[in-house]
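What's in model.tsv: TSV, C-alpha atoms and all ligand atoms
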chain	number	residue	atom	x	y	z
X	83	MET	CA	79.55	-36.53	118.21
X	84	ALA	CA	79.59	-36.35	122.03
X	85	GLN	CA	78.54	-33.01	123.44
X	86	ARG	CA	81.44	-31.01	124.84
X	87	THR	CA	81.42	-29.92	128.48
X	88	LYS	CA	80.64	-26.22	128.66
X	89	VAL	CA	82.57	-23.82	130.87
X	90	VAL	CA	82.07	-20.09	131.22
X	91	VAL	CA	84.99	-17.80	132.08
X	92	THR	CA	84.26	-14.19	132.95
X	93	ARG	CA	87.59	-12.69	131.83
X	94	GLN	CA	90.35	-13.10	129.31
X	95	LEU	CA	93.08	-14.81	131.37
X	96	ILE	CA	96.79	-14.09	131.64
X	97	ASP	CA	98.88	-16.06	129.09
X	98	GLU	CA	99.84	-19.26	130.89
X	99	ALA	CA	96.39	-19.68	132.43
X	100	GLN	CA	94.67	-19.05	129.10
X	101	ARG	CA	96.95	-21.60	127.41
X	102	LEU	CA	96.20	-24.15	130.13
X	103	LEU	CA	92.48	-23.62	129.62
X	104	ASP	CA	92.72	-23.72	125.83
X	105	THR	CA	94.60	-27.05	125.78
X	106	ASN	CA	91.36	-28.68	126.92
X	107	THR	CA	89.94	-29.11	123.46
X	108	ASP	CA	87.17	-31.31	124.85
X	109	LEU	CA	85.67	-28.22	126.49
X	110	GLU	CA	83.30	-25.70	124.99
X	111	ILE	CA	84.83	-22.52	126.41
X	112	VAL	CA	82.56	-19.50	126.49
X	113	GLN	CA	84.52	-16.46	127.57
X	114	TRP	CA	83.93	-12.78	128.26
X	115	HIS	CA	86.79	-11.02	126.48
X	116	SER	CA	86.24	-7.35	127.24
X	117	SER	CA	88.51	-5.56	129.70
X	118	ASN	CA	85.38	-4.33	131.50
X	119	PRO	CA	83.77	-6.51	134.17
X	120	CYS	CA	81.57	-9.24	132.81
X	121	ASP	CA	78.08	-8.06	131.99
X	122	ARG	CA	75.54	-9.70	134.29
X	123	SER	CA	72.97	-10.38	131.57
X	124	TRP	CA	75.68	-11.93	129.38
X	125	LEU	CA	76.71	-14.20	132.26
X	126	LEU	CA	73.13	-15.27	133.03
X	127	GLU	CA	72.50	-16.02	129.38
X	128	HIS	CA	75.72	-17.96	128.77
X	129	ALA	CA	75.79	-19.85	132.08
X	130	LYS	CA	72.89	-21.96	130.79
X	131	GLY	CA	74.12	-25.53	130.42
X	132	ALA	CA	77.58	-24.84	131.93
X	133	THR	CA	79.30	-27.45	134.08
X	134	GLY	CA	81.88	-25.00	135.41
X	135	VAL	CA	82.13	-21.24	135.79
X	136	LEU	CA	85.32	-19.30	136.51
X	137	VAL	CA	84.41	-15.96	138.11
X	138	MET	CA	86.09	-12.79	139.34
X	139	LEU	CA	85.25	-11.20	142.69
X	140	SER	CA	83.07	-8.71	140.80
X	141	ASP	CA	80.71	-11.49	139.61
X	142	LYS	CA	77.93	-12.42	142.02
X	143	VAL	CA	77.36	-16.13	142.37
X	144	ASP	CA	73.85	-16.41	143.74
X	145	GLU	CA	70.57	-18.30	143.30
X	146	GLU	CA	69.83	-16.38	140.13
X	147	LEU	CA	73.07	-17.47	138.47
X	148	LEU	CA	72.85	-21.06	139.68
X	149	GLN	CA	69.29	-21.36	138.43
X	150	ALA	CA	70.26	-19.82	135.11
X	151	ALA	CA	73.10	-22.36	134.79
X	152	GLY	CA	71.01	-25.43	135.55
X	153	ALA	CA	71.34	-28.66	137.54
X	154	GLN	CA	74.47	-29.90	135.69
X	155	LEU	CA	76.67	-27.16	137.24
X	156	LYS	CA	79.48	-28.80	139.25
X	157	VAL	CA	82.08	-26.19	139.98
X	158	ILE	CA	82.65	-22.49	140.60
X	159	ALA	CA	86.28	-21.38	140.51
X	160	SER	CA	86.79	-17.94	141.99
X	161	PHE	CA	89.79	-15.83	141.02
X	162	SER	CA	90.06	-14.48	144.59
X	163	VAL	CA	90.72	-15.28	148.20
X	164	GLY	CA	87.55	-13.52	149.38
X	165	THR	CA	84.33	-15.37	148.65
X	166	ASP	CA	81.72	-12.91	149.94
X	167	HIS	CA	80.43	-12.58	146.35
X	168	VAL	CA	79.43	-16.26	146.49
X	169	ASP	CA	76.30	-17.61	148.18
X	170	ARG	CA	77.94	-20.62	149.83
X	171	GLU	CA	74.67	-22.05	151.12
X	172	ALA	CA	73.22	-22.07	147.63
X	173	LEU	CA	76.28	-23.99	146.38
X	174	LYS	CA	76.22	-26.40	149.29
X	175	LYS	CA	72.62	-27.42	148.82
X	176	ARG	CA	73.36	-28.26	145.17
X	177	ASN	CA	76.70	-30.01	145.90
X	178	ILE	CA	78.57	-27.51	143.75
X	179	ARG	CA	82.26	-27.25	144.63
X	180	LEU	CA	83.99	-23.90	145.16
X	181	GLY	CA	87.64	-23.28	144.32
X	182	TYR	CA	89.52	-20.14	145.41
X	183	THR	CA	93.08	-18.78	145.63
X	184	PRO	CA	93.89	-18.15	149.30
X	185	THR	CA	97.63	-18.79	149.35
X	186	CYS	CA	99.29	-17.34	146.25
X	187	LEU	CA	98.30	-13.73	146.98
X	188	THR	CA	99.41	-13.56	150.61
X	189	ASP	CA	102.77	-11.88	149.97
X	190	ALA	CA	101.38	-9.31	147.56
X	191	VAL	CA	98.57	-8.25	149.90
X	192	ALA	CA	100.82	-8.21	152.97
X	193	ASP	CA	103.31	-5.99	151.09
X	194	LEU	CA	100.52	-3.56	150.22
X	195	THR	CA	99.31	-3.58	153.82
X	196	VAL	CA	102.71	-2.41	155.02
X	197	MET	CA	102.73	0.23	152.28
X	198	LEU	CA	99.34	1.56	153.42
X	199	ILE	CA	100.38	1.60	157.08
X	200	LEU	CA	103.44	3.67	156.25
X	201	MET	CA	101.52	5.93	153.87
X	202	ALA	CA	98.82	6.58	156.47
X	203	GLN	CA	101.29	7.23	159.29
X	204	ARG	CA	103.69	9.33	157.23
X	205	ARG	CA	100.99	11.33	155.43
X	206	ALA	CA	102.15	10.18	152.00
X	207	GLY	CA	98.91	11.03	150.19
X	208	GLU	CA	98.72	14.48	151.71
X	209	SER	CA	102.43	15.18	151.07
X	210	MET	CA	102.37	14.00	147.46
X	211	GLY	CA	99.15	15.94	146.88
X	212	LYS	CA	100.86	19.18	147.96
X	213	VAL	CA	103.90	18.56	145.75
X	214	LEU	CA	101.75	17.63	142.75
X	215	ALA	CA	99.67	20.78	143.27
X	216	GLY	CA	102.87	22.89	143.16
X	217	GLU	CA	102.49	23.89	146.82
X	218	TRP	CA	105.96	22.88	148.03
X	219	PRO	CA	107.26	26.47	147.75
X	220	GLN	CA	104.59	27.51	150.28
X	221	MET	CA	105.66	24.87	152.78
X	222	PRO	CA	109.43	25.02	153.22
X	223	TRP	CA	111.07	22.53	155.57
X	224	HIS	CA	110.35	23.03	159.22
X	225	PRO	CA	110.56	20.69	162.21
X	226	LEU	CA	106.88	19.82	162.26
X	227	LEU	CA	106.26	19.65	158.53
X	228	MET	CA	104.14	16.57	157.71
X	229	THR	CA	105.03	14.81	160.93
X	230	GLY	CA	103.19	11.61	161.73
X	231	PRO	CA	103.41	8.70	164.15
X	232	GLN	CA	106.35	6.33	163.95
X	233	ILE	CA	105.93	2.62	163.28
X	234	SER	CA	108.52	1.39	165.79
X	235	ARG	CA	107.22	0.63	169.30
X	236	SER	CA	103.63	0.44	168.00
X	237	THR	CA	101.00	-2.01	169.11
X	238	VAL	CA	99.42	-3.48	166.00
X	239	GLY	CA	95.86	-4.79	166.19
X	240	PHE	CA	94.68	-7.29	163.60
X	241	LEU	CA	90.95	-7.64	162.93
X	242	GLY	CA	91.16	-11.10	161.44
X	243	PHE	CA	94.46	-12.94	161.75
X	244	GLY	CA	94.74	-15.44	158.92
X	245	ARG	CA	97.51	-15.79	156.38
X	246	ILE	CA	97.52	-12.15	155.26
X	247	GLY	CA	97.44	-10.78	158.81
X	248	GLN	CA	100.25	-13.08	159.89
X	249	ALA	CA	102.34	-12.31	156.78
X	250	THR	CA	101.86	-8.61	157.55
X	251	LEU	CA	103.01	-9.15	161.12
X	252	LYS	CA	106.08	-11.00	159.85
X	253	ARG	CA	106.98	-7.93	157.77
X	254	LEU	CA	106.32	-5.54	160.67
X	255	LEU	CA	108.54	-7.32	163.20
X	256	PRO	CA	111.80	-5.92	161.74
X	257	PHE	CA	110.31	-2.40	162.00
X	258	GLY	CA	110.52	-2.78	165.78
X	259	ILE	CA	106.84	-2.95	166.70
X	260	SER	CA	106.38	-3.77	170.36
X	261	ARG	CA	103.22	-5.87	170.51
X	262	ALA	CA	100.50	-7.45	168.39
X	263	ILE	CA	96.93	-8.28	169.34
X	264	TYR	CA	94.33	-9.93	167.21
X	265	LEU	CA	90.61	-10.59	167.09
X	266	THR	CA	89.16	-13.54	165.24
X	267	SER	CA	85.70	-15.13	165.22
X	268	LYS	CA	86.77	-16.74	168.52
X	269	PRO	CA	87.59	-13.74	170.74
X	270	GLY	CA	90.17	-14.39	173.43
X	271	GLU	CA	91.25	-17.70	171.90
X	272	PRO	CA	94.71	-18.18	170.42
X	273	VAL	CA	94.70	-18.84	166.66
X	274	GLN	CA	95.25	-22.47	165.70
X	275	GLU	CA	97.35	-21.92	162.61
X	276	ASP	CA	100.76	-20.28	162.88
X	277	HIS	CA	101.18	-20.00	159.10
X	278	PHE	CA	104.77	-18.75	159.10
X	279	GLY	CA	106.02	-19.99	162.45
X	280	ILE	CA	106.22	-16.45	163.83
X	281	ILE	CA	103.59	-16.52	166.54
X	282	LYS	CA	105.56	-18.84	168.77
X	283	GLU	CA	108.97	-17.46	167.85
X	284	ALA	CA	108.51	-13.67	167.80
X	285	ALA	CA	110.30	-11.76	170.52
X	286	ILE	CA	107.23	-9.58	171.19
X	287	PRO	CA	103.89	-10.49	172.80
X	288	ILE	CA	101.27	-11.64	170.27
X	289	GLU	CA	97.96	-12.06	172.06
X	290	PRO	CA	94.28	-12.63	171.29
X	291	ALA	CA	92.06	-9.65	172.15
X	292	LYS	CA	88.98	-10.28	174.26
X	293	ASN	CA	86.78	-8.08	172.11
X	294	TRP	CA	86.86	-5.30	169.50
X	295	GLU	CA	86.79	-2.65	172.22
X	296	GLN	CA	90.15	-3.86	173.54
X	297	LEU	CA	91.61	-4.05	170.07
X	298	ALA	CA	90.40	-0.56	169.14
X	299	SER	CA	91.61	1.08	172.34
X	300	GLU	CA	95.04	-0.56	172.58
X	301	SER	CA	96.22	-0.44	168.96
X	302	ASP	CA	98.37	2.23	167.33
X	303	ILE	CA	97.75	0.56	163.99
X	304	VAL	CA	94.56	-1.37	163.19
X	305	VAL	CA	94.77	-3.77	160.25
X	306	VAL	CA	91.39	-4.90	158.91
X	307	GLY	CA	91.96	-8.30	157.32
X	308	CYS	CA	88.89	-10.37	158.19
X	309	ALA	CA	86.31	-11.85	155.82
X	310	LEU	CA	83.16	-9.85	155.12
X	311	THR	CA	80.23	-11.64	156.77
X	312	PRO	CA	76.96	-10.39	158.30
X	313	SER	CA	78.77	-10.13	161.66
X	314	THR	CA	81.76	-8.14	160.36
X	315	LYS	CA	79.75	-5.67	158.24
X	316	HIS	CA	80.30	-2.21	159.83
X	317	LEU	CA	82.24	-3.82	162.66
X	318	VAL	CA	84.34	-0.66	162.44
X	319	SER	CA	81.74	1.94	163.35
X	320	THR	CA	81.48	5.31	165.09
X	321	GLU	CA	81.77	3.45	168.38
X	322	PHE	CA	84.92	1.66	167.24
X	323	PHE	CA	86.53	4.93	166.17
X	324	SER	CA	85.58	6.57	169.46
X	325	LYS	CA	87.66	3.94	171.27
X	326	MET	CA	90.72	4.36	169.02
X	327	LYS	CA	93.75	6.43	169.98
X	328	LYS	CA	94.00	9.88	168.42
X	329	ARG	CA	97.37	8.98	166.91
X	330	ALA	CA	96.25	5.61	165.56
X	331	VAL	CA	95.81	4.70	161.91
X	332	ILE	CA	93.51	2.14	160.35
X	333	VAL	CA	94.23	0.12	157.21
X	334	ASN	CA	91.66	-1.96	155.31
X	335	ILE	CA	92.87	-4.57	152.85
X	336	ALA	CA	89.86	-6.88	153.24
X	337	ARG	CA	86.44	-5.68	152.10
X	338	GLY	CA	85.03	-2.15	152.12
X	339	PRO	CA	81.79	-2.74	154.06
X	340	ILE	CA	83.68	-3.87	157.19
X	341	ILE	CA	84.28	-0.15	157.81
X	342	ASP	CA	81.30	2.20	157.98
X	343	THR	CA	82.46	4.87	155.53
X	344	ASN	CA	80.43	7.70	157.07
X	345	ALA	CA	81.90	6.88	160.47
X	346	LEU	CA	85.40	6.92	158.99
X	347	VAL	CA	84.85	10.30	157.30
X	348	GLU	CA	83.62	11.69	160.62
X	349	ALA	CA	86.51	10.15	162.59
X	350	LEU	CA	89.04	11.72	160.21
X	351	ALA	CA	87.27	15.07	160.02
X	352	GLN	CA	87.03	15.28	163.82
X	353	GLU	CA	90.59	14.01	164.25
X	354	LYS	CA	89.45	11.08	166.39
X	355	ILE	CA	92.12	9.05	164.57
X	356	PHE	CA	95.30	10.07	162.76
X	357	GLY	CA	94.78	8.54	159.36
X	358	ALA	CA	93.56	5.72	157.15
X	359	GLY	CA	94.99	3.60	154.36
X	360	LEU	CA	92.41	1.81	152.25
X	361	ASP	CA	92.66	-0.71	149.45
X	362	VAL	CA	88.90	-1.25	149.54
X	363	ILE	CA	85.83	0.85	150.26
X	364	GLU	CA	82.07	0.40	150.37
X	365	ASN	CA	80.42	0.72	146.95
X	366	GLU	CA	83.70	0.41	145.03
X	367	PRO	CA	84.38	0.99	142.20
X	368	ASN	CA	81.70	3.69	142.08
X	369	ILE	CA	83.77	6.29	143.88
X	370	SER	CA	83.75	9.68	142.22
X	371	ALA	CA	86.31	12.42	142.77
X	372	ASP	CA	83.90	14.28	145.06
X	373	HIS	CA	83.50	11.36	147.48
X	374	PRO	CA	83.68	12.78	151.04
X	375	LEU	CA	86.52	10.43	151.97
X	376	LEU	CA	88.68	11.88	149.22
X	377	LYS	CA	88.30	15.27	150.84
X	378	GLN	CA	90.08	13.92	153.91
X	379	PRO	CA	93.81	14.61	153.46
X	380	ARG	CA	94.82	11.91	155.93
X	381	CYS	CA	93.10	9.18	153.95
X	382	VAL	CA	95.01	7.23	151.32
X	383	LEU	CA	92.80	5.22	148.97
X	384	VAL	CA	94.00	2.84	146.25
X	385	PRO	CA	91.64	0.95	143.92
X	386	HIS	CA	91.60	-2.63	145.30
X	387	ILE	CA	95.10	-3.52	144.11
X	388	GLY	CA	96.17	-5.67	147.07
X	389	SER	CA	97.03	-8.71	144.99
X	390	ALA	CA	98.05	-6.75	141.89
X	391	THR	CA	101.59	-7.91	141.33
X	392	ILE	CA	102.29	-9.46	137.94
X	393	GLU	CA	103.54	-12.67	139.56
X	394	THR	CA	100.54	-13.04	141.86
X	395	ARG	CA	97.93	-12.33	139.23
X	396	GLU	CA	99.57	-14.94	136.98
X	397	GLN	CA	99.43	-17.48	139.79
X	398	MET	CA	95.85	-16.62	140.68
X	399	ALA	CA	94.80	-17.11	137.07
X	400	THR	CA	96.59	-20.43	136.71
X	401	GLU	CA	95.32	-21.70	140.04
X	402	SER	CA	91.76	-20.72	139.16
X	403	VAL	CA	91.95	-22.67	135.90
X	404	LYS	CA	93.41	-25.69	137.74
X	405	ASN	CA	90.56	-25.51	140.27
X	406	LEU	CA	88.02	-25.30	137.47
X	407	LEU	CA	89.48	-28.31	135.64
X	408	ALA	CA	89.78	-30.32	138.89
X	409	GLY	CA	86.14	-29.61	139.66
X	410	LEU	CA	85.07	-30.83	136.24
X	411	LYS	CA	87.05	-34.06	136.65
X	412	ASP	CA	86.11	-34.66	140.32
X	413	GLU	CA	89.75	-34.31	141.30
X	414	ALA	CA	91.43	-32.48	144.20
X	415	MET	CA	91.62	-28.71	143.72
X	416	VAL	CA	94.67	-26.61	144.56
X	417	ASN	CA	92.45	-24.85	147.12
X	418	GLU	CA	88.82	-25.60	147.78
X	419	VAL	CA	86.41	-23.92	150.20
X	420	GLU	CA	84.84	-26.33	152.65
X	421	LEU	CA	81.14	-25.60	152.28
B	1	LIG	C1	90.72	-11.21	146.79
B	1	LIG	O1	91.24	-11.99	145.99
B	1	LIG	O2	89.71	-11.49	147.43
B	1	LIG	C2	91.41	-9.91	147.02
B	1	LIG	O3	90.54	-8.95	147.48
B	1	LIG	C3	92.16	-9.47	145.80
B	1	LIG	O4	93.00	-8.41	146.11
Turn the structure described in the file into structure tokens.
Amino acid sequence: MAQRTKVVVTRQLIDEAQRLLDTNTDLEIVQWHSSNPCDRSWLLEHAKGATGVLVMLSDKVDEELLQAAGAQLKVIASFSVGTDHVDREALKKRNIRLGYTPTCLTDAVADLTVMLILMAQRRAGESMGKVLAGEWPQMPWHPLLMTGPQISRSTVGFLGFGRIGQATLKRLLPFGISRAIYLTSKPGEPVQEDHFGIIKEAAIPIEPAKNWEQLASESDIVVVGCALTPSTKHLVSTEFFSKMKKRAVIVNIARGPIIDTNALVEALAQEKIFGAGLDVIENEPNISADHPLLKQPRCVLVPHIGSATIETREQMATESVKNLLAGLKDEAMVNEVEL
């Protein structure tokens, strides 16, 4: 009997995606079924002999894993848009293809970005905290109770201006923002891709920033939406915060290490900025209740749920399986990273 092609999948998948995977009876499917993240030693042990591996963003794809898998490995399918957990060079030198899910989660993450902007500006975490603690009776209505900056007439600065940044801008236009600026890996240059046709058509100026200093100092709202790379790690630092407006808020929906957490704690504590809304943070998920950021009332932190709508997670799962299968068969993926 011919040996079946082995694939390793580091999660139980949502129904349709699991069915799609299971219909491939010619595959030997080795799958991590626990609801906890896949155990590293389990992955290293089971990757041996695999032709494809479907991973989550919590699974590191590095030399160690590739060596453990062996020379037959052809494809990594990542259930994510971000690929900072993958050593691209290591894949490239072995001609291993990399699938990812950059398009289907755009709406979900952009929705959450708007939510975090509003929560940070309107002090939602702080307000809800007071109500939940039974402190409303001690803070009856008065004209300045829980006041925060207003979204209309803001300048919004995008650190990274790909699909998610542009989809966020599209949602912010009806709020009456007055200007958008953005910084990409090519400072001062207009972005090539106008994903939703808004850059040309919007009635407000949308301009490339010359550098991060300009973006920090001119924005009322900073949206961090760039990829995590060696050059964006701690791009938002003490210096960055010192250039920001006192009434500005910062939102991070990309990767935690782009913001230096200590610098953020200090900026909030010293009221150098108004507030922060975070979907991601350095060292997540190991954030205990006594983390210094959680002591900052003007910081809203949610546990990396940007793409967590039922519809999006279903699509991400299905697309990841399709990418995995396409990689095994040398066919075109739904979305493939150019290595
Ligand atoms: C991703 O897929 O990279 C996102 O961080 C998920 O929210």
Neighbouring residues of ligand LIG 1 (chain B) are defined here as those with any atom at most 10 Å from a ligand atom, counting all atoms listed in the file; list them as an mmCIF file with C-alpha atoms, in the frame of the given file.
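So selection_23.cif came out as:
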data_model
loop_
_atom_site.group_PDB
_atom_site.id
_atom_site.type_symbol
_atom_site.label_atom_id
_atom_site.label_comp_id
_atom_site.auth_asym_id
_atom_site.auth_seq_id
_atom_site.Cartn_x
_atom_site.Cartn_y
_atom_site.Cartn_z
ATOM 1 C CA MET X 138 86.090 -12.790 139.340
ATOM 2 C CA LEU X 139 85.250 -11.200 142.690
ATOM 3 C CA SER X 140 83.070 -8.710 140.800
ATOM 4 C CA SER X 160 86.790 -17.940 141.990
ATOM 5 C CA PHE X 161 89.790 -15.830 141.020
ATOM 6 C CA SER X 162 90.060 -14.480 144.590
ATOM 7 C CA VAL X 163 90.720 -15.280 148.200
ATOM 8 C CA GLY X 164 87.550 -13.520 149.380
ATOM 9 C CA THR X 165 84.330 -15.370 148.650
ATOM 10 C CA ASP X 166 81.720 -12.910 149.940
ATOM 11 C CA HIS X 167 80.430 -12.580 146.350
ATOM 12 C CA TYR X 182 89.520 -20.140 145.410
ATOM 13 C CA THR X 183 93.080 -18.780 145.630
ATOM 14 C CA PRO X 184 93.890 -18.150 149.300
ATOM 15 C CA THR X 185 97.630 -18.790 149.350
ATOM 16 C CA CYS X 186 99.290 -17.340 146.250
ATOM 17 C CA LEU X 187 98.300 -13.730 146.980
ATOM 18 C CA THR X 188 99.410 -13.560 150.610
ATOM 19 C CA ALA X 190 101.380 -9.310 147.560
ATOM 20 C CA VAL X 191 98.570 -8.250 149.900
ATOM 21 C CA LEU X 194 100.520 -3.560 150.220
ATOM 22 C CA GLY X 307 91.960 -8.300 157.320
ATOM 23 C CA ALA X 309 86.310 -11.850 155.820
ATOM 24 C CA ILE X 335 92.870 -4.570 152.850
ATOM 25 C CA ALA X 336 89.860 -6.880 153.240
ATOM 26 C CA ARG X 337 86.440 -5.680 152.100
ATOM 27 C CA GLY X 338 85.030 -2.150 152.120
ATOM 28 C CA ASP X 361 92.660 -0.710 149.450
ATOM 29 C CA VAL X 362 88.900 -1.250 149.540
ATOM 30 C CA PRO X 385 91.640 0.950 143.920
ATOM 31 C CA HIS X 386 91.600 -2.630 145.300
ATOM 32 C CA ILE X 387 95.100 -3.520 144.110
ATOM 33 C CA GLY X 388 96.170 -5.670 147.070
ATOM 34 C CA SER X 389 97.030 -8.710 144.990
ATOM 35 C CA ALA X 390 98.050 -6.750 141.890
ATOM 36 C CA THR X 391 101.590 -7.910 141.330
ATOM 37 C CA THR X 394 100.540 -13.040 141.860
ATOM 38 C CA ARG X 395 97.930 -12.330 139.230
ATOM 39 C CA MET X 398 95.850 -16.620 140.680
#
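Atom CA of Ala358 of chain X is positioned 13.8 Å from atom CA of Ile340 of chain X.
Of the residues under consideration (X:Val89, X:Ala351, X:Ala298, X:Met210), X:Val89 shows the shortest atom-to-atom contact distance to Gly134 of chain X when counting only C-alpha atoms.
Distances to Thr105 of chain X were evaluated for X:Leu346, X:Leu173, X:Val168, X:Val403 using all atoms listed in the file, and the minimum falls at X:Val403.
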(80.6, 6.6, 154.0) in this file's frame - what residues fall within 8 Å of it? Use all atoms listed in the file and give the answer as a short mmCIF file (atom, residue, chain, number, x, y, z; two decimals) with C-alpha atoms, keeping the file's coordinate frame.
data_model
loop_
_atom_site.label_atom_id
_atom_site.label_comp_id
_atom_site.auth_asym_id
_atom_site.auth_seq_id
_atom_site.Cartn_x
_atom_site.Cartn_y
_atom_site.Cartn_z
CA ASP X 342 81.30 2.20 157.98
CA THR X 343 82.46 4.87 155.53
CA ASN X 344 80.43 7.70 157.07
CA ALA X 345 81.90 6.88 160.47
CA LEU X 346 85.40 6.92 158.99
CA VAL X 347 84.85 10.30 157.30
CA GLU X 364 82.07 0.40 150.37
CA PRO X 374 83.68 12.78 151.04
CA LEU X 375 86.52 10.43 151.97
#
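Proximity ranking of X:Pro225, X:Pro339, X:Gly244, X:Pro290 relative to Tyr264 of chain X places X:Pro290 first, based on all atoms listed in the file.
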Please compute the atom CA of Lys411 of chain X-atom CA of Arg93 of chain X distance, one decimal, in Å. 21.9 Å
